[in-house]
>>> print(open('coords01.cif').read())   # mmCIF, C-alpha atoms and all ligand atoms
data_input
loop_
_atom_site.label_atom_id
_atom_site.label_comp_id
_atom_site.auth_asym_id
_atom_site.auth_seq_id
_atom_site.Cartn_x
_atom_site.Cartn_y
_atom_site.Cartn_z
CA MET A 1 -88.63 75.19 -89.07
CA LYS A 2 -85.37 76.96 -89.60
CA LEU A 3 -85.81 80.50 -90.93
CA ASP A 4 -83.64 82.35 -93.43
CA CYS A 5 -82.44 84.69 -90.75
CA CYS A 6 -81.26 81.84 -88.51
CA ASN A 7 -77.83 81.67 -90.16
CA ARG A 8 -77.02 85.12 -88.90
CA CYS A 9 -78.58 84.83 -85.49
CA LYS A 10 -76.39 84.59 -82.44
CA PHE A 11 -78.58 81.80 -81.07
CA TYR A 12 -78.38 79.61 -84.16
CA SER A 13 -77.03 76.22 -83.16
CA ARG A 14 -75.24 75.33 -86.43
CA SER A 15 -76.28 71.76 -85.79
CA PRO A 16 -78.33 69.49 -88.04
CA HIS A 17 -80.42 68.41 -85.06
CA LEU A 18 -81.22 71.75 -83.46
CA VAL A 19 -82.40 74.97 -85.03
CA CYS A 20 -81.24 77.20 -82.23
CA THR A 21 -80.50 77.19 -78.57
CA LEU A 22 -83.69 79.06 -77.72
CA HIS A 23 -86.00 77.17 -80.08
CA PRO A 24 -84.58 73.67 -80.69
CA ALA A 25 -87.45 72.83 -83.04
CA GLY A 26 -87.66 76.25 -84.64
CA VAL A 27 -90.46 78.79 -84.39
CA GLU A 28 -93.96 79.09 -85.84
CA GLY A 29 -94.31 81.58 -88.66
CA ASP A 30 -91.74 83.57 -90.60
CA ILE A 31 -90.35 85.79 -87.92
CA CYS A 32 -88.50 84.71 -84.83
CA PRO A 33 -89.27 86.87 -81.80
CA ASP A 34 -85.83 86.20 -80.37
CA PHE A 35 -83.72 86.85 -83.45
CA GLU A 36 -80.54 88.73 -82.71
CA LEU A 37 -78.02 89.51 -85.37
CA ASP A 38 -74.62 88.15 -84.54
CA LEU A 39 -72.22 90.87 -85.61
CA THR A 40 -69.16 88.77 -84.88
CA ILE A 41 -70.12 86.21 -87.53
CA PRO A 42 -70.13 87.66 -91.06
CA ASP A 43 -70.99 84.32 -92.65
CA ASP A 44 -70.56 80.60 -92.25
CA GLU A 45 -67.43 80.45 -94.35
CA ALA A 46 -65.66 82.95 -92.18
CA VAL A 47 -66.66 81.03 -89.10
CA ALA A 48 -65.16 77.83 -90.43
CA TRP A 49 -62.00 79.56 -91.54
CA TYR A 50 -61.45 81.42 -88.31
CA GLY A 51 -62.20 78.41 -86.21
CA GLU A 52 -59.72 76.15 -87.93
CA GLN A 53 -56.93 78.32 -89.18
CA TRP A 54 -56.65 81.52 -87.30
CA GLN A 55 -54.34 81.00 -84.39
CA PRO A 56 -51.41 83.33 -83.92
CA GLU A 57 -48.09 81.74 -83.14
CA GLY A 58 -47.50 81.16 -79.46
CA ALA A 59 -51.15 81.44 -78.61
CA SER A 60 -53.74 78.86 -77.90
CA TYR A 61 -57.42 78.54 -77.22
CA TYR A 62 -58.67 77.62 -73.81
CA GLY A 63 -62.36 77.09 -74.36
CA ASP A 64 -63.38 80.14 -76.32
CA ASP A 65 -60.64 82.42 -75.06
CA LEU A 66 -57.54 83.15 -77.03
CA VAL A 67 -54.65 83.05 -74.60
CA LEU A 68 -51.27 84.50 -75.40
CA GLU A 69 -48.46 82.55 -73.87
CA PRO A 70 -45.81 84.64 -72.13
CA VAL A 71 -43.28 81.82 -72.35
CA GLN A 72 -43.68 80.71 -75.91
CA GLN A 73 -40.61 78.68 -76.59
CA MET A 74 -40.97 76.35 -73.61
CA THR A 75 -43.08 73.27 -73.52
CA LEU A 76 -45.52 72.71 -70.70
CA GLU A 77 -43.21 70.05 -69.29
CA GLN A 78 -40.28 72.43 -69.26
CA ARG A 79 -42.35 75.02 -67.50
CA LEU A 80 -43.43 72.53 -64.84
CA ASP A 81 -39.78 71.53 -64.37
CA LEU A 82 -38.92 75.15 -63.86
CA LEU A 83 -41.65 75.52 -61.26
CA ASP A 84 -40.29 72.48 -59.45
CA SER A 85 -36.64 73.37 -59.51
CA HIS A 86 -36.05 77.06 -60.08
CA PRO A 87 -34.91 79.02 -57.02
CA LEU A 88 -37.41 81.73 -57.87
CA PHE A 89 -40.14 79.26 -56.95
CA THR A 90 -38.40 76.91 -54.53
CA GLY A 91 -36.16 79.38 -52.67
CA ARG A 92 -33.29 76.93 -53.06
CA CYS A 93 -30.41 76.46 -55.45
CA SER A 94 -31.45 73.82 -57.92
CA ASN A 95 -27.91 72.38 -57.85
CA CYS A 96 -26.74 72.31 -54.21
CA GLU A 97 -30.11 73.11 -52.59
CA MET A 98 -28.72 75.82 -50.37
CA PRO A 99 -31.40 78.40 -49.62
CA LEU A 100 -31.33 81.39 -51.94
CA ARG A 101 -33.15 84.45 -50.78
CA GLN A 102 -35.14 86.87 -52.85
CA THR A 103 -33.45 90.26 -52.86
CA GLU A 104 -34.72 93.81 -52.83
CA PRO A 105 -35.18 94.85 -55.59
CA PRO A 106 -36.17 91.39 -56.80
CA ARG A 107 -33.34 89.64 -58.54
CA VAL A 108 -33.55 88.43 -62.10
CA HIS A 109 -30.67 85.98 -62.04
CA TRP A 110 -30.49 83.39 -59.34
CA ASP A 111 -26.81 82.56 -59.46
CA CYS A 112 -25.82 80.47 -56.48
CA GLU A 113 -23.23 82.00 -54.18
CA TYR A 114 -22.43 78.63 -52.61
CA CYS A 115 -21.76 76.24 -55.48
CA GLY A 116 -21.37 78.65 -58.37
CA TRP A 117 -24.49 77.44 -60.17
CA VAL A 118 -25.43 80.00 -62.78
CA ASP A 119 -29.00 80.72 -63.63
CA ASP A 120 -29.23 80.60 -67.39
CA SER A 121 -32.95 80.11 -67.67
CA VAL A 122 -33.77 83.82 -67.88
ZN ZN B 1 -25.83 76.10 -55.29
#
>>> encode(input="coords01.cif", output="C-alpha cells", more="lines below")
Ligand SMILES: [Zn+2]
Amino acid sequence: MKLDCCNRCKFYSRSPHLVCTLHPAGVEGDICPDFELDLTIPDDEAVAWYGEQWQPEGASYYGDDLVLEPVQQMTLEQRLDLLDSHPLFTGRCSNCEMPLRQTEPPRVHWDCEYCGWVDDSV
C-alpha cells in the first residue's frame, strides 16, 4: 500500500509498479519506518517541470549531474577535430606539421613560424 506521505519521500519510486525503492510493495500500517522527507522535491509538478524544461543554455545533463560546458559554441565533432589537429594537443602545426613547442609561459596562440599558419581557434 502506498501511503499519503510517499509522494514526499526521497525513496518514493514514482512508478506505477513500485511504491518505493525500500518497500516495493509498500508497508504494513499507516506509518513507514523509513520515511524521509525529500526537501529537494517540493511537489510532483515541480519535479516534472524541472526535469523537462530547466536546462540553462550551454549546459547539459550527464546522468543526474548538470554539467556546464566550457566551450559552448562548438559541437562535439568540432572539439574532437581540435583535439586531433590543434598544436596545443598534437605539438605540431596543423598545416605543415612542423613541431611547435609549448613556451614558457604557455602560449595562447599557436601561430606557425615555419609556414605562417595562424591559430584562429582561440
Ligand atoms: Zn606550419
>>> residues_around(input="coords01.cif", residues="segment 14-31 of chain A", least_positions_apart="3", cutoff="9 Å", atoms="all atoms listed in the file", output="PDB file with C-alpha atoms, in the coordinates of the input")
ATOM      1  CA  MET A   1     -88.630  75.190 -89.070  1.00  0.00           C
ATOM      2  CA  LYS A   2     -85.370  76.960 -89.600  1.00  0.00           C
ATOM      3  CA  LEU A   3     -85.810  80.500 -90.930  1.00  0.00           C
ATOM      4  CA  ASP A   4     -83.640  82.350 -93.430  1.00  0.00           C
ATOM      5  CA  CYS A   5     -82.440  84.690 -90.750  1.00  0.00           C
ATOM      6  CA  CYS A   6     -81.260  81.840 -88.510  1.00  0.00           C
ATOM      7  CA  ASN A   7     -77.830  81.670 -90.160  1.00  0.00           C
ATOM      8  CA  CYS A   9     -78.580  84.830 -85.490  1.00  0.00           C
ATOM      9  CA  LYS A  10     -76.390  84.590 -82.440  1.00  0.00           C
ATOM     10  CA  PHE A  11     -78.580  81.800 -81.070  1.00  0.00           C
ATOM     11  CA  ASP A  34     -85.830  86.200 -80.370  1.00  0.00           C
ATOM     12  CA  PHE A  35     -83.720  86.850 -83.450  1.00  0.00           C
TER      13      PHE A  35
END
>>> residues_near_ligand(input="coords01.cif", ligand="ligand ZN 1 (chain B)", cutoff="7 Å", atoms="all atoms listed in the file", output="list in words")
Cys93, Ser94, Asn95, Cys96, Glu97, Met98, Cys112, Glu113, Tyr114, Cys115, Gly116 and Trp117 of chain A
>>> atom_distance(input="coords01.cif", atom1="atom CA of Leu100 of chain A", atom2="atom CA of His86 of chain A")
10.4 Å
>>> atom_distance(input="coords01.cif", atom1="atom CA of Arg92 of chain A", atom2="atom CA of Arg107 of chain A")
13.8 Å
>>> closest_residue(input="coords01.cif", among="A:Asp119, A:Arg8, A:Leu88, A:Thr40", to="Pro106 of chain A", atoms="only C-alpha atoms")
A:Leu88
>>> atom_distance(input="coords01.cif", atom1="atom CA of Gly91 of chain A", atom2="atom CA of Asp111 of chain A")
12.0 Å
>>> residues_around(input="coords01.cif", residues="Leu82 of chain A", least_positions_apart="4", cutoff="12 Å", atoms="all atoms listed in the file", output="ChimeraX atom specification")
/A:71,74-78,86-90,94,119-122
